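Source file: model.txt; contents: compact mmCIF, C-alpha atoms and all ligand atoms.
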```txt
# COMPACT_ATOMS: atom_id res chain seq x y z
CA MET A 1 0.00 0.00 0.00
CA SER A 2 1.24 3.54 -0.68
CA THR A 3 -0.21 6.73 0.81
CA THR A 4 1.99 9.00 -1.31
CA LYS A 5 1.18 10.05 -4.90
CA ASN A 6 4.82 10.87 -5.53
CA PRO A 7 7.21 7.91 -5.25
CA MET A 8 10.21 10.28 -5.15
CA GLN A 9 9.23 11.16 -1.59
CA PHE A 10 8.39 9.37 1.63
CA ALA A 11 4.64 9.13 2.44
CA LEU A 12 3.19 12.48 3.61
CA LEU A 13 2.50 11.12 7.11
CA SER A 14 6.12 9.86 7.35
CA ARG A 15 7.41 13.28 6.30
CA ILE A 16 5.23 15.16 8.80
CA LEU A 17 6.18 12.74 11.60
CA HIS A 18 9.88 13.00 10.67
CA TRP A 19 10.02 16.77 11.24
CA LEU A 20 7.66 16.78 14.25
CA MET A 21 9.65 13.99 15.92
CA ALA A 22 13.01 15.57 15.01
CA ALA A 23 11.93 18.76 16.85
CA LEU A 24 10.57 16.78 19.82
CA LEU A 25 13.61 14.47 20.10
CA ILE A 26 16.16 17.30 20.00
CA THR A 27 14.06 19.21 22.59
CA MET A 28 13.95 16.07 24.78
CA LEU A 29 17.72 15.60 24.66
CA PHE A 30 18.16 19.21 25.83
CA ILE A 31 15.47 18.85 28.54
CA GLY A 32 17.12 15.63 29.79
CA VAL A 33 20.58 17.17 30.00
CA SER A 34 19.22 20.42 31.57
CA MET A 35 17.40 18.29 34.14
CA VAL A 36 20.38 16.29 35.33
CA ALA A 37 22.81 19.24 35.08
CA HIS A 38 20.36 21.42 37.10
CA LEU A 39 20.24 24.07 34.37
CA GLY A 40 16.58 24.82 35.16
CA ASP A 41 13.73 23.96 37.52
CA TYR A 42 14.27 20.17 37.86
CA HIS A 43 10.65 19.30 38.77
CA TRP A 44 9.15 21.40 36.00
CA LEU A 45 11.56 19.95 33.42
CA LEU A 46 10.79 16.38 34.55
CA SER A 47 7.03 17.06 34.41
CA VAL A 48 7.48 18.07 30.74
CA HIS A 49 10.01 15.28 29.98
CA ARG A 50 7.70 12.39 30.96
CA PRO A 51 4.61 13.19 28.82
CA LEU A 52 6.74 14.40 25.87
CA GLY A 53 8.66 11.11 25.99
CA ILE A 54 5.42 9.10 25.96
CA LEU A 55 4.10 11.27 23.09
CA ILE A 56 7.30 10.39 21.16
CA LEU A 57 6.63 6.69 21.83
CA ILE A 58 3.08 6.99 20.40
CA LEU A 59 4.31 8.95 17.35
CA ALA A 60 7.13 6.41 16.85
CA ALA A 61 4.59 3.56 16.75
CA ILE A 62 2.47 5.42 14.15
CA ARG A 63 5.63 6.21 12.14
CA LEU A 64 6.85 2.61 12.20
CA ILE A 65 3.48 1.32 11.00
CA THR A 66 3.36 3.99 8.25
CA ARG A 67 6.91 3.09 7.18
CA LEU A 68 6.05 -0.61 7.00
CA LEU A 69 2.84 -0.02 5.05
CA THR A 70 4.22 2.45 2.50
CA LYS A 71 7.03 2.38 -0.06
CA ALA A 72 10.18 4.42 0.55
CA PRO A 73 11.51 6.29 -2.49
CA ALA A 74 14.43 4.77 -4.39
CA LEU A 75 17.89 5.85 -3.25
CA PRO A 76 19.92 7.89 -5.81
CA PRO A 77 21.36 5.53 -8.51
CA SER A 78 24.84 6.96 -7.80
CA MET A 79 24.78 5.28 -4.35
CA SER A 80 26.91 2.13 -4.03
CA GLN A 81 25.69 -1.13 -2.43
CA PRO A 82 27.72 -0.58 0.79
CA GLU A 83 26.32 2.98 1.05
CA ARG A 84 22.77 1.62 0.68
CA LEU A 85 23.47 -0.83 3.50
CA VAL A 86 24.75 2.02 5.71
CA VAL A 87 21.53 4.00 5.02
CA LYS A 88 19.36 0.98 5.97
CA LEU A 89 21.38 0.29 9.12
CA SER A 90 21.36 3.93 10.24
CA GLU A 91 17.59 4.22 9.66
CA PHE A 92 17.11 1.02 11.65
CA ALA A 93 19.33 2.37 14.47
CA LEU A 94 17.36 5.66 14.63
CA TYR A 95 14.04 3.81 14.80
CA ALA A 96 15.37 1.38 17.44
CA LEU A 97 16.69 4.27 19.56
CA PHE A 98 13.61 6.48 19.50
CA ILE A 99 11.41 3.50 20.39
CA ALA A 100 13.73 2.07 23.08
CA LEU A 101 14.51 5.38 24.85
CA PRO A 102 10.97 6.25 26.02
CA LEU A 103 10.27 2.58 26.84
CA VAL A 104 13.41 2.46 29.02
CA GLY A 105 12.36 5.79 30.66
CA TRP A 106 8.94 4.33 31.50
CA ALA A 107 10.44 0.99 32.64
CA MET A 108 13.06 2.71 34.80
CA LEU A 109 10.48 4.79 36.71
CA SER A 110 8.41 1.59 37.14
CA ALA A 111 11.42 -0.32 38.56
CA GLY A 112 12.23 2.63 40.86
CA HIS A 113 8.62 2.54 42.11
CA PHE A 114 8.12 6.20 41.07
CA PRO A 115 4.71 7.45 39.92
CA ILE A 116 4.65 7.85 36.12
CA VAL A 117 2.76 11.14 36.06
CA MET A 118 1.55 12.41 32.68
CA PHE A 119 -0.49 15.46 33.73
CA GLY A 120 -2.64 16.36 36.75
CA THR A 121 -3.80 13.12 38.32
CA VAL A 122 -3.29 11.04 35.16
CA ASN A 123 -0.59 8.41 35.76
CA LEU A 124 0.60 5.54 33.57
CA PRO A 125 0.71 2.05 35.11
CA PRO A 126 4.14 0.54 35.89
CA ILE A 127 5.47 -1.85 33.20
CA LEU A 128 8.01 -3.56 35.50
CA PRO A 129 7.96 -4.67 39.15
CA ALA A 130 9.72 -2.37 41.67
CA LYS A 131 13.39 -3.45 41.95
CA PRO A 132 16.08 -0.94 42.99
CA GLU A 133 18.94 -2.78 41.22
CA LEU A 134 16.90 -2.90 37.99
CA TYR A 135 16.21 0.84 38.36
CA ALA A 136 19.98 1.51 38.58
CA THR A 137 20.69 -0.51 35.40
CA LEU A 138 17.84 1.09 33.45
CA ARG A 139 18.80 4.59 34.62
CA GLU A 140 22.28 4.02 33.16
CA THR A 141 20.80 2.47 30.00
CA HIS A 142 18.59 5.58 29.53
CA THR A 143 21.69 7.81 29.60
CA ILE A 144 23.69 5.57 27.21
CA LEU A 145 20.79 5.34 24.73
CA ALA A 146 20.29 9.13 24.88
CA TYR A 147 23.97 9.69 24.01
CA LEU A 148 23.75 7.10 21.22
CA LEU A 149 20.66 8.85 19.84
CA PHE A 150 22.52 12.16 19.88
CA LEU A 151 25.51 10.58 18.04
CA ALA A 152 23.22 8.85 15.51
CA PHE A 153 21.45 12.17 14.91
CA LEU A 154 24.79 13.97 14.34
CA ALA A 155 25.87 11.28 11.82
CA HIS A 156 22.46 11.46 10.10
CA PHE A 157 22.54 15.26 9.94
CA GLY A 158 26.14 15.20 8.62
CA ALA A 159 25.23 12.66 5.91
CA VAL A 160 22.19 14.69 4.81
CA LEU A 161 24.31 17.89 4.68
CA PHE A 162 27.01 16.09 2.64
CA HIS A 163 24.46 14.76 0.13
CA THR A 164 22.60 18.08 -0.11
CA LEU A 165 25.55 20.51 -0.31
CA ILE A 166 28.38 18.44 -1.85
CA LEU A 167 26.82 15.60 -3.89
CA ARG A 168 23.67 17.65 -4.66
CA ASP A 169 21.62 14.50 -5.30
CA GLY A 170 18.38 16.08 -3.99
CA ILE A 171 18.09 13.78 -0.97
CA LEU A 172 16.44 16.49 1.15
CA SER A 173 13.49 16.72 -1.28
CA ARG A 174 12.62 13.12 -0.34
CA MET A 175 11.71 14.26 3.18
CA VAL A 176 10.44 17.87 2.82
CA PRO A 177 6.78 18.20 3.92
CA TRP A 178 5.67 19.78 0.64
CA THR A 179 5.25 17.84 -2.63
CA VAL A 180 8.24 17.74 -5.01
CA ARG A 181 7.72 16.40 -8.54
CA SER A 182 10.49 14.55 -10.41
CA ALA A 183 10.95 12.51 -13.59
CA LYS A 184 12.44 9.55 -11.69
CA SER A 185 9.76 7.34 -10.16
CA GLU A 186 11.51 4.14 -9.10
CA SER A 187 10.68 2.90 -5.59
CA ARG A 188 12.33 0.66 -3.00
CA SER A 189 10.68 -1.38 -0.26
C1 LIG B 1 12.73 9.80 23.26
C2 LIG B 1 12.44 10.11 24.50
C3 LIG B 1 13.44 10.49 25.56
C4 LIG B 1 14.65 11.12 25.46
C5 LIG B 1 15.35 11.62 24.19
C6 LIG B 1 15.17 11.24 26.80
C7 LIG B 1 16.39 11.82 27.12
C8 LIG B 1 16.90 11.93 28.39
C9 LIG B 1 18.20 12.46 28.73
C10 LIG B 1 19.22 13.04 27.74
C11 LIG B 1 18.33 12.39 30.08
C12 LIG B 1 19.56 12.81 30.89
C13 LIG B 1 20.44 11.60 31.04
C14 LIG B 1 21.72 11.83 31.78
O1 LIG B 1 22.51 12.70 31.39
O2 LIG B 1 21.96 11.10 32.74
C15 LIG B 1 17.13 11.81 30.62
C16 LIG B 1 16.87 11.57 31.95
C17 LIG B 1 15.69 11.10 32.44
N1 LIG B 1 14.58 10.70 31.72
FE1 LIG B 1 14.44 10.67 29.71
N2 LIG B 1 14.26 10.70 27.68
C18 LIG B 1 13.20 10.23 26.97
C19 LIG B 1 12.05 9.63 27.46
C20 LIG B 1 11.74 9.50 28.81
C21 LIG B 1 10.51 8.97 29.33
C22 LIG B 1 9.32 8.45 28.49
C23 LIG B 1 10.59 9.02 30.69
C24 LIG B 1 9.60 8.58 31.74
C25 LIG B 1 8.31 8.37 31.52
C26 LIG B 1 11.89 9.59 31.02
C27 LIG B 1 12.36 9.82 32.30
C28 LIG B 1 13.59 10.31 32.61
C29 LIG B 1 14.08 10.46 33.97
C30 LIG B 1 13.29 10.14 35.25
C31 LIG B 1 15.38 10.94 33.87
C32 LIG B 1 16.40 11.15 34.99
C33 LIG B 1 16.17 12.25 35.90
C34 LIG B 1 17.21 12.15 37.04
O3 LIG B 1 17.88 11.15 37.22
O4 LIG B 1 17.30 13.13 37.74
N3 LIG B 1 12.56 9.87 29.85
N4 LIG B 1 16.26 11.53 29.56
C1 LIG B 2 17.09 18.44 11.80
C2 LIG B 2 17.85 17.77 11.02
C3 LIG B 2 17.41 16.65 10.12
C4 LIG B 2 17.45 16.67 8.76
C5 LIG B 2 17.91 17.81 7.85
C6 LIG B 2 16.96 15.37 8.31
C7 LIG B 2 16.82 14.99 6.99
C8 LIG B 2 16.43 13.76 6.53
C9 LIG B 2 16.30 13.36 5.15
C10 LIG B 2 16.62 14.27 3.96
C11 LIG B 2 15.91 12.07 5.11
C12 LIG B 2 15.66 11.20 3.86
C13 LIG B 2 16.83 10.27 3.70
C14 LIG B 2 16.54 9.19 2.68
O1 LIG B 2 16.23 9.54 1.58
O2 LIG B 2 16.61 8.00 3.00
C15 LIG B 2 15.77 11.62 6.48
C16 LIG B 2 15.34 10.36 6.84
C17 LIG B 2 15.24 9.93 8.14
N1 LIG B 2 15.47 10.70 9.27
FE1 LIG B 2 16.07 12.62 9.33
N2 LIG B 2 16.66 14.60 9.40
C18 LIG B 2 16.90 15.35 10.53
C19 LIG B 2 16.71 14.94 11.83
C20 LIG B 2 16.34 13.69 12.21
C21 LIG B 2 16.20 13.23 13.59
C22 LIG B 2 16.43 14.09 14.84
C23 LIG B 2 15.83 11.92 13.52
C24 LIG B 2 15.56 10.97 14.67
C25 LIG B 2 16.29 10.92 15.73
C26 LIG B 2 15.72 11.53 12.13
C27 LIG B 2 15.38 10.28 11.68
C28 LIG B 2 15.28 9.89 10.37
C29 LIG B 2 14.91 8.55 9.92
C30 LIG B 2 14.60 7.35 10.83
C31 LIG B 2 14.88 8.58 8.53
C32 LIG B 2 14.55 7.41 7.57
C33 LIG B 2 13.25 7.65 6.91
C34 LIG B 2 12.06 7.28 7.76
O3 LIG B 2 11.64 6.13 7.72
O4 LIG B 2 11.51 8.14 8.47
N3 LIG B 2 16.04 12.63 11.37
N4 LIG B 2 16.07 12.67 7.32
```

Show this structure as structure tokens.
Amino acid sequence: MSTTKNPMQFALLSRILHWLMAALLITMLFIGVSMVAHLGDYHWLLSVHRPLGILILILAAIRLITRLLTKAPALPPSMSQPERLVVKLSEFALYALFIALPLVGWAMLSAGHFPIVMFGTVNLPPILPAKPELYATLRETHTILAYLLFLAFLAHFGAVLFHTLILRDGILSRMVPWTVRSAKSESRS
């Protein structure tokens, strides 16, 4: 199934979710670091961090389903087989990280027996039994995954800049929210 009329671009919903989630994820990395480095009101930052993280998890699920149900545009013909593999692996890593991070955040608060407050009196149920040693491991995992996400984002951003400014193969047009028409109409799964 394909929800896009233009096979040179990702499905419209994928493109909208890409930019919305990019803004949310970068904001969340800054909120997380500001929280632990006491760069702002800790409790206020945490009260924003939890629901935003769960919103990212919901959007990630919608994005994964959309990505599986729609066809991604073909990669530029100039791209070698090893480069194509790197693209697939890096996309997979980004998806894995933005799904795992909020799940680990939720699991870690569950293991620490903390309330998982969304807003007002609305709390999420714990997804793990309370276990202090598990909390310690998951707390560390949350930090490591957050750093990995930041590194993966830097590599992704660098690759997109390189393709857009140096190779000029029009890769950015595949993800812009508006419709871009092109003669090439090959598609990859
Ligand atoms: C994609 C979503 C998320 C991102 C990018 C993210 C990012 C971060 C970062 C960068 C830190 C600071 C880590 C450090 O330097 O040690 C952090 C801490 C934390 N995050 Fe997340 N997080 C996400 C989702 C969540 C969720 C869903 C929850 C809970 C429902 C959560 C709860 C926490 C808590 C409790 C802390 C530690 C606060 C402390 O120890 O003082 N996070 N997060
Ligand atoms: C703000 C800077 C960003 C720019 C300029 C950018 C640009 C792009 C472009 C042009 C593509 C299409 C690549 C292709 O044709 O395969 C893409 C795909 C992708 N981007 Fe980004 N991106 C940015 C930030 C992010 C962030 C923060 C994330 C997540 C952490 C992310 C995750 C992805 C993923 C997973 C794909 C694969 C396509 C999909 O299934 O959604 N991007 N990005």

task = Give the answer as one residue: which of A:Gly40, A:Pro102, A:Pro177, A:Pro73 has the shortest atom-to-atom distance to ligand LIG 1 (chain B), using all atoms listed in the file?
result = A:Pro102

task = For a cut-off of 8 Å around (15.4, 11.8, -2.7), file coordinates, pick out all residues using only C-alpha atoms and list them as a ChimeraX atom specification.
result = /A:8-9,73-76,169-175

Which residues of chain A sit at most 8 Å from ligand LIG 1 (chain B), using all atoms listed in the file? Give each one's shortest atom pair and distance in Å (one decimal place), in chain and ascending residue order, as a Markdown table.
```
| residue | atom | partner | partner_atom | distance |
| --- | --- | --- | --- | --- |
| A:Leu25 | CA | B:LIG1 | C5 | 5.3 |
| A:Ile26 | CA | B:LIG1 | C5 | 7.1 |
| A:Thr27 | CA | B:LIG1 | C5 | 7.9 |
| A:Met28 | CA | B:LIG1 | C5 | 4.7 |
| A:Leu29 | CA | B:LIG1 | C10 | 4.3 |
| A:Phe30 | CA | B:LIG1 | C10 | 6.5 |
| A:Ile31 | CA | B:LIG1 | C9 | 7.0 |
| A:Gly32 | CA | B:LIG1 | C11 | 3.5 |
| A:Val33 | CA | B:LIG1 | C12 | 4.6 |
| A:Ser34 | CA | B:LIG1 | C12 | 7.6 |
| A:Met35 | CA | B:LIG1 | O4 | 6.3 |
| A:Val36 | CA | B:LIG1 | O4 | 5.0 |
| A:Ala37 | CA | B:LIG1 | O1 | 7.5 |
| A:Tyr42 | CA | B:LIG1 | O4 | 7.7 |
| A:Leu46 | CA | B:LIG1 | C30 | 6.8 |
| A:His49 | CA | B:LIG1 | N3 | 6.0 |
| A:Arg50 | CA | B:LIG1 | C25 | 4.1 |
| A:Pro51 | CA | B:LIG1 | C25 | 6.6 |
| A:Leu52 | CA | B:LIG1 | C22 | 7.0 |
| A:Gly53 | CA | B:LIG1 | C22 | 3.7 |
| A:Ile54 | CA | B:LIG1 | C22 | 4.7 |
| A:Ile56 | CA | B:LIG1 | C1 | 5.9 |
| A:Leu57 | CA | B:LIG1 | C1 | 7.0 |
| A:Leu97 | CA | B:LIG1 | C1 | 7.7 |
| A:Phe98 | CA | B:LIG1 | C1 | 5.1 |
| A:Ile99 | CA | B:LIG1 | C1 | 7.0 |
| A:Ala100 | CA | B:LIG1 | C1 | 7.8 |
| A:Leu101 | CA | B:LIG1 | C1 | 5.0 |
| A:Pro102 | CA | B:LIG1 | C22 | 3.7 |
| A:Leu103 | CA | B:LIG1 | C22 | 6.2 |
| A:Val104 | CA | B:LIG1 | C21 | 7.1 |
| A:Gly105 | CA | B:LIG1 | C23 | 3.7 |
| A:Trp106 | CA | B:LIG1 | C25 | 4.1 |
| A:Ala107 | CA | B:LIG1 | C24 | 7.7 |
| A:Met108 | CA | B:LIG1 | C30 | 7.4 |
| A:Leu109 | CA | B:LIG1 | C30 | 6.2 |
| A:Ile116 | CA | B:LIG1 | C25 | 5.9 |
| A:Val117 | CA | B:LIG1 | C25 | 7.7 |
| A:Met118 | CA | B:LIG1 | C25 | 8.0 |
| A:Arg139 | CA | B:LIG1 | C32 | 7.0 |
| A:Glu140 | CA | B:LIG1 | O2 | 7.1 |
| A:His142 | CA | B:LIG1 | N4 | 6.4 |
| A:Thr143 | CA | B:LIG1 | C13 | 4.2 |
| A:Ile144 | CA | B:LIG1 | C13 | 7.8 |
| A:Ala146 | CA | B:LIG1 | C10 | 5.0 |
| A:Tyr147 | CA | B:LIG1 | C10 | 6.9 |
| A:Leu149 | CA | B:LIG1 | C5 | 7.4 |
```

query = Mind listing the residues within 9 Å of ligand LIG 2 (chain B), only C-alpha atoms and all ligand atoms counted, as a PyMOL selection string?
reply = chain A and resi 9-10+14-15+17-19+21-26+63-64+66-68+72-76+87-88+90-98+149-150+152-154+156-161+163-164+170-176

query = In Å to one decimal, how far is CA of Ser47 in chain A from CA of Glu133 in chain A?
reply = 24.1 Å

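Rounded to one decimal, CA of Leu13 in chain A and CA of Leu55 in chain A lie 16.1 Å from each other.
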
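Interatomic distance, CA of Val48 in chain A to CA of Ala155 in chain A: 27.2 Å.
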
Box for range 63-81 of chain A - axis-aligned, 5 Å on each of the six sides, all listed atoms - centre and size in Å to one decimal, as JSON.
```
{"center_x": 14.9, "center_y": 3.4, "center_z": 1.8, "size_x": 34.1, "size_y": 19.0, "size_z": 30.7}
```
